[in-house]
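Undergrad: Quick one: this structure, given as structure tokens, is what I'll be asking you about.
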Amino acid sequence: MPLTGSVSRGNLNLPQAVRSAAAASAALSALTIVLRYLYAKKKPYTALVDDATKAARRLRTRGEEYDFDEYDIVIIGGGTAGCVLAARLSEDPSIRVLLLEAGKSSLDELFATVPVSYGRMFRTNLDWNLHTAPQTSLGNATKYWPRAKLLGGCSCLNAMVYHMGSPEDYDEWASMQKGQEGADQWTYGQFVQYMMKFEDFHPSPQQPGVDASLHGKSGPMKVGFFGHTSAGTPKFIEACVNAGIKPVPDVNTAHGTLGVTKVMTYIDSNGRRVTTEFAYLTPDALSRPNLKVITQVHVTRILFDTSGSTPRAVGAEFTKPSGETFQVKARKEVVLSAGAVHTPQILQLSGVGPADHLREHGIPVVADLPGVGSHLMDHPVFNLNYRDKSRSSIAYLFGTSFADRLKLIRALVQYRLYGNGPLTSNICEAIAFVRSTDPQLFPHDEFPPDKAPEDTTAGSGAPDIELFFSPFGYIGHGSERLPPNHYFGLHGVLLRPTSTGTIRLKSSDPYDLPVIDPQYLSTEHDVAVLVRAARLLARIVRTPPLADMLDPAGEDDALLDHALHTLDDAAIAERIRGAVETLYHPACTARMAPLEDGGVVDPFLRVHGIPNLRVVDASVFPTIVSGHTAGPVLAVAEKAADLIKQAVSSKA
């Protein structure tokens, strides 16, 4: 709260508490400035430009003829996948690469660096500020979807959980290709090499059960256990074990993903978030003469040559905030890596998508592909909050009281000196993966088999429920605050939904945000699985030692979930419908699948009917993985880089 009124020299007429608070705030501000300076970029790089005139041609008059600035590969979207592609493709000095990104560099953004602070970027100019259409099954509520507007994309704005899903997920991906050429390369056995390619795994003495030989050691993305472990995290793990979930040291190997474990994260030994910009667009990469990265540009469409029998992508058009329009030419390929929301939007704006929808907006049809923007999948999550009598919450990091500020200053000093402490929490500190049909967790006398939800998993070793622990409570995405006190959170995630939605154009104006309709909980299956997840969490929270953290004072608080175990299934379902949010995992909107199955790309990630246009991001997932999506996107991008290099070299 700002101080107002007359203040004498030295603040002598202020009460002592207010002077102390002012001093704490001043110290906090000073430390924040220091951290911003330390994480700021120390030098400019020739490849990274925000002046488009240095890398593209200004389009002064529509239709004016001129020579494009030419590149071999133009990549649209510098997010999680785009940074990987730009770095890997430009390793070959004969390939001239251009990366276009709507946001700016994240390297000097404090909240994209300090792990726990990513929520501070929500609803800012570093975020696309997306919202869904009203969700019929959620009482017509609209849901906020955070999506980073930065180089590195959502690797700047996620919970840094390193998880690849189940090995069976990838075998399912391959089988969904129905024998198309290249299908087998997506089986787990063949695809795992790309998971290990991006990894730089750092073993931890606190996690001796992890077999380092099953992880990559020389990749750009540092992964390990450098994230904070709050006091409640081991208690959650032990309570899960006592409730019947097996403990496992590692959920990222061929041995599978079922069980409970401490989360492995994309955080390095200095306590810094590892984004794909930080890991891949290194000073060495940005010094390459064959790489250009243009930031803060808005791609309006892909350019096509339609004079032949097959459309050919020949470049991209984009604008600067000033309104100036530019075009660049791609001699060999255009790659779309704008994410599962903006990739289908750009395709549709460019004339690639459902023909009727394009004509509705007056867009000439280049390729009628009904699958573009269809089959949208996401992982819905519900959050449960509990009073914590152990007072171990780290919510003081976001508090405003004098005591909170003092604790935050101490945490900032610890972070600056040692690179550890609560500021390195990824919030989702411990995680469990289970099956909703597991009879040990859902005994048949309480959960009759004839009422079990359909098994939508990829196989008997794959989960359909994720549970995780957070060392503070929150509502929604943290925009609503719980009353001042100590809380912890438990969270249930639907991993294999049967509800699917769409991404559609609002208009032909590329500046209009797309219409996002995930159709959350539109099937009874999805509700039934989440009800089982809630019942399991209600049992775990009353299982020692987590039960020892429960403060009885929260039992009568309507904002909290202490009484969840007393509700029937219908009441729990209603509670879930009112609380469900996105876990930030949209996928499948330009699926790798046969054309007759609504596919958009083939197993080489080429758009059906446009062989030199590829999609490389979570859009291409044939179906959503049973876990977090950042790792799979990294592996897809690593593989795509090899596919593109092979194609380009064969045409040379």
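Naming works like this for the structure tokens: A, B, ... for the chains as they're shown, residue 1 at the start of each chain, ligands 1 onward in shown order.
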Taking 3 positions as the minimum chain separation for residues in the same chain, which residues sit within 12 Å of stretch 435-444 of chain A when counting only C-alpha atoms? Answer as a PyMOL selection string.

TA: chain A and resi 240-246+257-259+432+447-467+492-496+525-537+539-540+626

Undergrad: Report the residues of stretch 454-518 of chain A whose backbone DSSP state falls under strand (DSSP E or B), written as a list in words.

TA: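 Reading the DSSP output for stretch 454-518 of chain A, strand (DSSP E or B) covers Ile465, Glu466, Leu467, Phe468, Phe469, Ser470, Ile475, Glu480, Tyr487, Phe488, Gly489, Leu490, His491, Gly492, Val493, Leu494, Gly501, Thr502, Ile503, Arg504, Val515, Ile516 and Asp517 of chain A.
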
Undergrad: Measuring atom to atom with only C-alpha atoms, identify which of A:Leu100, A:Val114, A:Cys154, A:Met264 is nearest to A:Ile431.

TA: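 For A:Ile431, the nearest of the given residues is A:Met264.
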
Undergrad: Considering only C-alpha atoms, state which residue in the set A:Ser392, A:Gln327, A:Thr566, A:Ser507 is at the smallest distance from A:Thr233.

TA: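 Smallest distance to A:Thr233 is found for A:Ser392.
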
Undergrad: Could you pull out all residues of stretch 306-531 of chain A with a DSSP call of alpha helix (DSSP H) and give them as a PyMOL selection string?

TA: chain A and resi 339-349+355-360+402-418+524-531

Undergrad: Could you produce a table of the residues of stretch 551-635 of chain A lying within 9 Å of stretch 300-313 of chain A, with the nearest pair of atoms per residue and their separation in Å rounded to one decimal, using only C-alpha atoms, ordered by chain and increasing residue number, as JSON lines?

TA:
```
{"residue": "A:Gly609", "atom": "CA", "partner": "A:Thr310", "partner_atom": "CA", "distance": 6.7}
{"residue": "A:Ile610", "atom": "CA", "partner": "A:Pro311", "partner_atom": "CA", "distance": 5.7}
{"residue": "A:Pro611", "atom": "CA", "partner": "A:Arg312", "partner_atom": "CA", "distance": 7.3}
{"residue": "A:Asn612", "atom": "CA", "partner": "A:Ala313", "partner_atom": "CA", "distance": 6.3}
{"residue": "A:Leu613", "atom": "CA", "partner": "A:Ala313", "partner_atom": "CA", "distance": 6.0}
```

Undergrad: Please save C-alpha atoms of the selected residues as a PDB file, in the first residue's frame.

TA:
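part.pdb written:
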```pdb
ATOM      1  CA  GLY A 609      -0.704 -32.062 -49.719  1.00  0.00           C
ATOM      2  CA  ILE A 610       1.937 -29.371 -49.014  1.00  0.00           C
ATOM      3  CA  PRO A 611       5.196 -31.324 -48.793  1.00  0.00           C
ATOM      4  CA  ASN A 612       7.511 -28.423 -47.888  1.00  0.00           C
ATOM      5  CA  LEU A 613       5.336 -27.145 -45.010  1.00  0.00           C
TER       6      LEU A 613
END
```

Undergrad: Skip A:Arg359 itself and residues of its chain fewer than 6 positions away, then list as a ChimeraX atom specification all residues within 12 Å of it, counting only C-alpha atoms.

TA: /A:348-353,365-368,505,507-508

Undergrad: Kindly export the residues of the current selection with all heavy atoms, as an mmCIF file, in the first residue's frame.

TA:
```cif
data_model
loop_
_atom_site.group_PDB
_atom_site.id
_atom_site.type_symbol
_atom_site.label_atom_id
_atom_site.label_comp_id
_atom_site.auth_asym_id
_atom_site.auth_seq_id
_atom_site.Cartn_x
_atom_site.Cartn_y
_atom_site.Cartn_z
ATOM 1 N N GLN A 348 -5.049 -21.610 -40.671
ATOM 2 C CA GLN A 348 -6.356 -21.210 -41.184
ATOM 3 C C GLN A 348 -6.306 -19.821 -41.821
ATOM 4 O O GLN A 348 -6.909 -19.584 -42.879
ATOM 5 C CB GLN A 348 -7.386 -21.273 -40.049
ATOM 6 C CG GLN A 348 -7.685 -22.700 -39.606
ATOM 7 C CD GLN A 348 -8.581 -22.768 -38.370
ATOM 8 O OE1 GLN A 348 -9.785 -22.563 -38.466
ATOM 9 N NE2 GLN A 348 -7.986 -23.067 -37.220
ATOM 10 N N LEU A 349 -5.581 -18.887 -41.207
ATOM 11 C CA LEU A 349 -5.441 -17.558 -41.800
ATOM 12 C C LEU A 349 -4.762 -17.626 -43.168
ATOM 13 O O LEU A 349 -4.980 -16.759 -44.028
ATOM 14 C CB LEU A 349 -4.628 -16.660 -40.874
ATOM 15 C CG LEU A 349 -5.328 -16.173 -39.601
ATOM 16 C CD1 LEU A 349 -4.315 -15.549 -38.655
ATOM 17 C CD2 LEU A 349 -6.447 -15.186 -39.924
ATOM 18 N N SER A 350 -3.964 -18.677 -43.355
ATOM 19 C CA SER A 350 -3.210 -18.834 -44.603
ATOM 20 C C SER A 350 -3.959 -19.648 -45.646
ATOM 21 O O SER A 350 -3.434 -19.883 -46.739
ATOM 22 C CB SER A 350 -1.863 -19.503 -44.299
ATOM 23 O OG SER A 350 -1.164 -18.808 -43.294
ATOM 24 N N GLY A 351 -5.158 -20.116 -45.334
ATOM 25 C CA GLY A 351 -5.946 -20.873 -46.296
ATOM 26 C C GLY A 351 -5.812 -22.371 -46.179
ATOM 27 O O GLY A 351 -6.222 -23.101 -47.095
ATOM 28 N N VAL A 352 -5.295 -22.858 -45.051
ATOM 29 C CA VAL A 352 -5.137 -24.293 -44.829
ATOM 30 C C VAL A 352 -6.005 -24.678 -43.630
ATOM 31 O O VAL A 352 -5.726 -24.285 -42.498
ATOM 32 C CB VAL A 352 -3.667 -24.664 -44.565
ATOM 33 C CG1 VAL A 352 -3.528 -26.165 -44.320
ATOM 34 C CG2 VAL A 352 -2.788 -24.222 -45.723
ATOM 35 N N GLY A 353 -7.055 -25.435 -43.896
ATOM 36 C CA GLY A 353 -7.966 -25.806 -42.826
ATOM 37 C C GLY A 353 -9.299 -26.250 -43.380
ATOM 38 O O GLY A 353 -9.423 -26.554 -44.582
ATOM 39 N N VAL A 365 -9.096 -20.762 -50.168
ATOM 40 C CA VAL A 365 -8.689 -22.087 -49.706
ATOM 41 C C VAL A 365 -7.470 -22.553 -50.492
ATOM 42 O O VAL A 365 -7.508 -22.678 -51.716
ATOM 43 C CB VAL A 365 -9.843 -23.102 -49.855
ATOM 44 C CG1 VAL A 365 -9.375 -24.493 -49.422
ATOM 45 C CG2 VAL A 365 -11.042 -22.658 -49.031
ATOM 46 N N VAL A 366 -6.388 -22.820 -49.779
ATOM 47 C CA VAL A 366 -5.184 -23.408 -50.369
ATOM 48 C C VAL A 366 -5.243 -24.923 -50.253
ATOM 49 O O VAL A 366 -4.911 -25.647 -51.191
ATOM 50 C CB VAL A 366 -3.918 -22.852 -49.687
ATOM 51 C CG1 VAL A 366 -2.662 -23.581 -50.188
ATOM 52 C CG2 VAL A 366 -3.803 -21.349 -49.910
ATOM 53 N N ALA A 367 -5.672 -25.418 -49.089
ATOM 54 C CA ALA A 367 -5.801 -26.862 -48.868
ATOM 55 C C ALA A 367 -6.944 -27.102 -47.892
ATOM 56 O O ALA A 367 -6.975 -26.514 -46.807
ATOM 57 C CB ALA A 367 -4.507 -27.451 -48.316
ATOM 58 N N ASP A 368 -7.889 -27.929 -48.296
ATOM 59 C CA ASP A 368 -9.034 -28.271 -47.446
ATOM 60 C C ASP A 368 -8.611 -29.399 -46.502
ATOM 61 O O ASP A 368 -8.568 -30.563 -46.880
ATOM 62 C CB ASP A 368 -10.212 -28.709 -48.319
ATOM 63 C CG ASP A 368 -11.439 -29.095 -47.482
ATOM 64 O OD1 ASP A 368 -11.449 -28.806 -46.261
ATOM 65 O OD2 ASP A 368 -12.372 -29.698 -48.053
ATOM 66 N N LEU A 505 -11.122 -19.625 -36.085
ATOM 67 C CA LEU A 505 -10.906 -18.198 -36.273
ATOM 68 C C LEU A 505 -12.109 -17.408 -35.767
ATOM 69 O O LEU A 505 -13.256 -17.799 -35.974
ATOM 70 C CB LEU A 505 -10.696 -17.878 -37.752
ATOM 71 C CG LEU A 505 -9.477 -18.505 -38.431
ATOM 72 C CD1 LEU A 505 -9.471 -18.116 -39.911
ATOM 73 C CD2 LEU A 505 -8.191 -18.073 -37.754
ATOM 74 N N SER A 507 -12.182 -14.219 -36.848
ATOM 75 C CA SER A 507 -12.354 -13.456 -38.083
ATOM 76 C C SER A 507 -11.115 -13.686 -38.936
ATOM 77 O O SER A 507 -10.198 -14.414 -38.552
ATOM 78 C CB SER A 507 -12.528 -11.961 -37.777
ATOM 79 O OG SER A 507 -11.284 -11.391 -37.415
ATOM 80 N N SER A 508 -11.044 -13.020 -40.067
ATOM 81 C CA SER A 508 -9.861 -13.111 -40.923
ATOM 82 C C SER A 508 -8.774 -12.136 -40.483
ATOM 83 O O SER A 508 -7.703 -12.092 -41.099
ATOM 84 C CB SER A 508 -10.247 -12.830 -42.379
ATOM 85 O OG SER A 508 -10.803 -11.532 -42.498
#
```

Undergrad: Do you know which residues are at most 9 Å from A:Ser470 counting only C-alpha atoms, after dropping those on the same chain fewer than 3 positions away, and could you put them as a ChimeraX atom specification?

TA: /A:230,232-233,393,426-430,473,488-491

Undergrad: Output C-alpha atoms for every residue in that selection, as an mmCIF file, in the first residue's frame.

TA:
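The file below, part.cif, is the result:
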```cif
data_model
loop_
_atom_site.group_PDB
_atom_site.id
_atom_site.type_symbol
_atom_site.label_atom_id
_atom_site.label_comp_id
_atom_site.auth_asym_id
_atom_site.auth_seq_id
_atom_site.Cartn_x
_atom_site.Cartn_y
_atom_site.Cartn_z
ATOM 1 C CA SER A 230 9.323 -28.159 0.925
ATOM 2 C CA GLY A 232 5.273 -31.258 3.078
ATOM 3 C CA THR A 233 6.675 -32.856 -0.086
ATOM 4 C CA SER A 393 3.689 -23.092 3.454
ATOM 5 C CA ASN A 426 8.579 -25.463 -9.168
ATOM 6 C CA ILE A 427 5.317 -25.524 -7.119
ATOM 7 C CA CYS A 428 4.490 -29.067 -8.319
ATOM 8 C CA GLU A 429 7.141 -30.655 -6.083
ATOM 9 C CA ALA A 430 5.968 -34.272 -5.881
ATOM 10 C CA GLY A 473 -2.835 -23.393 -1.689
ATOM 11 C CA PHE A 488 -1.006 -26.716 1.149
ATOM 12 C CA GLY A 489 -2.557 -27.923 -2.078
ATOM 13 C CA LEU A 490 -3.405 -31.286 -3.614
ATOM 14 C CA HIS A 491 -4.268 -31.521 -7.279
#
```

Undergrad: Just the residues within 10 Å of A:Asp642, please, counting only C-alpha atoms, with nothing from its chain fewer than 3 positions along; format it as a ChimeraX atom specification.

TA: /A:85,88-89,194,637-639,645-648

Undergrad: Show me, as a CSV table (one decimal) with all heavy atoms, in the first residue's frame, the residues that have an atom within 7 Å of stretch 371-376 of chain A when counting only C-alpha atoms, minus same-chain residues fewer than 3 positions from it.

TA:
```csv
chain,number,residue,atom,x,y,z
A,344,PRO,N,-2.7,-23.8,-35.5
A,344,PRO,CA,-3.9,-23.9,-36.3
A,344,PRO,C,-4.5,-22.5,-36.7
A,344,PRO,O,-5.1,-22.4,-37.8
A,344,PRO,CB,-4.8,-24.7,-35.4
A,344,PRO,CG,-4.3,-24.5,-34.0
A,344,PRO,CD,-2.9,-24.4,-34.2
A,353,GLY,N,-7.1,-25.4,-43.9
A,353,GLY,CA,-8.0,-25.8,-42.8
A,353,GLY,C,-9.3,-26.3,-43.4
A,353,GLY,O,-9.4,-26.6,-44.6
A,354,PRO,N,-10.3,-26.3,-42.5
A,354,PRO,CA,-11.7,-26.7,-43.0
A,354,PRO,C,-12.2,-25.7,-44.0
A,354,PRO,O,-12.4,-24.5,-43.7
A,354,PRO,CB,-12.5,-26.7,-41.7
A,354,PRO,CG,-11.5,-26.7,-40.6
A,354,PRO,CD,-10.3,-26.0,-41.1
A,500,THR,N,-13.0,-33.6,-26.6
A,500,THR,CA,-12.1,-32.9,-27.5
A,500,THR,C,-12.8,-31.6,-28.0
A,500,THR,O,-14.0,-31.6,-28.1
A,500,THR,CB,-11.7,-33.8,-28.8
A,500,THR,OG1,-12.9,-34.1,-29.5
A,500,THR,CG2,-11.0,-35.1,-28.3
A,501,GLY,N,-11.9,-30.7,-28.4
A,501,GLY,CA,-12.5,-29.4,-28.8
A,501,GLY,C,-11.9,-28.9,-30.1
A,501,GLY,O,-11.4,-29.6,-30.9
A,502,THR,N,-11.9,-27.5,-30.2
A,502,THR,CA,-11.5,-26.9,-31.5
A,502,THR,C,-10.8,-25.6,-31.2
A,502,THR,O,-11.0,-24.9,-30.2
A,502,THR,CB,-12.7,-26.6,-32.4
A,502,THR,OG1,-13.7,-25.8,-31.7
A,502,THR,CG2,-13.4,-27.9,-32.9
A,503,ILE,N,-10.0,-25.2,-32.2
A,503,ILE,CA,-9.4,-23.9,-32.3
A,503,ILE,C,-10.0,-23.3,-33.7
A,503,ILE,O,-9.7,-23.9,-34.7
A,503,ILE,CB,-7.9,-23.8,-32.4
A,503,ILE,CG1,-7.3,-24.5,-31.1
A,503,ILE,CG2,-7.4,-22.4,-32.6
A,503,ILE,CD1,-7.4,-23.7,-29.9
A,504,ARG,N,-10.7,-22.2,-33.6
A,504,ARG,CA,-11.3,-21.7,-34.8
A,504,ARG,C,-11.0,-20.2,-34.9
A,504,ARG,O,-10.7,-19.5,-33.9
A,504,ARG,CB,-12.8,-21.9,-34.9
A,504,ARG,CG,-13.2,-23.4,-35.0
A,504,ARG,CD,-12.9,-23.9,-36.4
A,504,ARG,NE,-13.2,-25.3,-36.6
A,504,ARG,CZ,-12.4,-26.3,-36.7
A,504,ARG,NH1,-11.1,-26.0,-36.6
A,504,ARG,NH2,-12.8,-27.5,-37.0
A,518,PRO,N,-12.2,-26.0,-25.7
A,518,PRO,CA,-11.7,-27.3,-25.3
A,518,PRO,C,-12.8,-28.3,-25.0
A,518,PRO,O,-12.5,-29.5,-24.9
A,518,PRO,CB,-10.8,-27.1,-24.1
A,518,PRO,CG,-11.4,-25.8,-23.5
A,518,PRO,CD,-11.9,-25.0,-24.6
A,586,PRO,N,-2.3,-27.8,-24.0
A,586,PRO,CA,-3.1,-28.0,-25.2
A,586,PRO,C,-2.3,-28.8,-26.2
A,586,PRO,O,-1.1,-28.5,-26.4
A,586,PRO,CB,-3.5,-26.6,-25.6
A,586,PRO,CG,-2.4,-25.7,-25.0
A,586,PRO,CD,-2.1,-26.4,-23.7
A,587,ALA,N,-2.9,-29.6,-27.0
A,587,ALA,CA,-2.2,-30.4,-28.0
A,587,ALA,C,-3.2,-30.9,-29.0
A,587,ALA,O,-4.4,-30.7,-28.9
A,587,ALA,CB,-1.6,-31.6,-27.3
A,588,CYS,N,-2.7,-31.5,-30.1
A,588,CYS,CA,-3.4,-32.4,-31.1
A,588,CYS,C,-4.2,-31.6,-32.1
A,588,CYS,O,-5.1,-32.2,-32.7
A,588,CYS,CB,-4.3,-33.4,-30.4
A,588,CYS,SG,-3.5,-34.4,-29.1
A,589,THR,N,-3.9,-30.3,-32.3
A,589,THR,CA,-4.7,-29.5,-33.2
A,589,THR,C,-4.2,-29.5,-34.6
A,589,THR,O,-4.8,-28.9,-35.5
A,589,THR,CB,-4.8,-28.0,-32.7
A,589,THR,OG1,-3.5,-27.6,-32.4
A,589,THR,CG2,-5.6,-27.9,-31.4
A,590,ALA,N,-3.1,-30.2,-34.9
A,590,ALA,CA,-2.7,-30.5,-36.3
A,590,ALA,C,-2.0,-31.9,-36.3
A,590,ALA,O,-0.9,-32.0,-36.5
A,590,ALA,CB,-1.7,-29.4,-36.7
A,598,GLY,N,-8.6,-37.5,-40.1
A,598,GLY,CA,-8.5,-36.1,-39.6
A,598,GLY,C,-7.1,-35.6,-39.4
A,598,GLY,O,-6.9,-34.6,-38.7
A,599,GLY,N,-6.2,-36.4,-39.9
A,599,GLY,CA,-4.8,-36.0,-39.8
A,599,GLY,C,-4.4,-34.7,-40.6
A,599,GLY,O,-5.0,-34.4,-41.6
A,600,VAL,N,-3.4,-34.0,-40.1
A,600,VAL,CA,-2.9,-32.8,-40.7
A,600,VAL,C,-1.5,-33.0,-41.3
A,600,VAL,O,-1.2,-32.5,-42.3
A,600,VAL,CB,-3.0,-31.6,-39.8
A,600,VAL,CG1,-2.4,-30.3,-40.4
A,600,VAL,CG2,-4.4,-31.3,-39.4
```

Undergrad: I'd like the contact shell of A:Gly79 - 10 Å cut-off, only C-alpha atoms, skipping same-chain residues fewer than 5 positions apart - returned as a CSV table (one decimal) with C-alpha atoms, in the first residue's frame.

TA:
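Saved as result_3.csv:
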```
chain,number,residue,atom,x,y,z
A,84,VAL,CA,15.3,-26.2,-30.7
A,85,LEU,CA,14.8,-26.2,-34.4
A,100,LEU,CA,10.2,-15.4,-36.2
A,101,GLU,CA,8.9,-14.8,-32.7
A,102,ALA,CA,6.0,-12.6,-31.5
A,103,GLY,CA,7.6,-12.0,-28.1
A,148,ALA,CA,4.0,-17.2,-22.9
A,149,LYS,CA,4.8,-14.5,-25.4
A,150,LEU,CA,8.5,-14.9,-25.2
A,151,LEU,CA,11.4,-16.6,-26.9
A,152,GLY,CA,11.3,-20.1,-25.3
A,153,GLY,CA,7.5,-20.0,-25.3
A,154,CYS,CA,5.8,-22.0,-22.6
A,155,SER,CA,9.2,-23.3,-21.3
A,156,CYS,CA,9.3,-19.9,-19.7
A,275,THR,CA,14.1,-22.5,-21.0
A,276,THR,CA,14.7,-23.6,-24.6
A,277,GLU,CA,16.0,-20.1,-25.4
A,337,SER,CA,6.1,-24.1,-34.4
A,338,ALA,CA,3.6,-21.6,-32.9
A,339,GLY,CA,2.0,-24.0,-30.5
A,617,ASP,CA,5.0,-28.5,-31.8
```
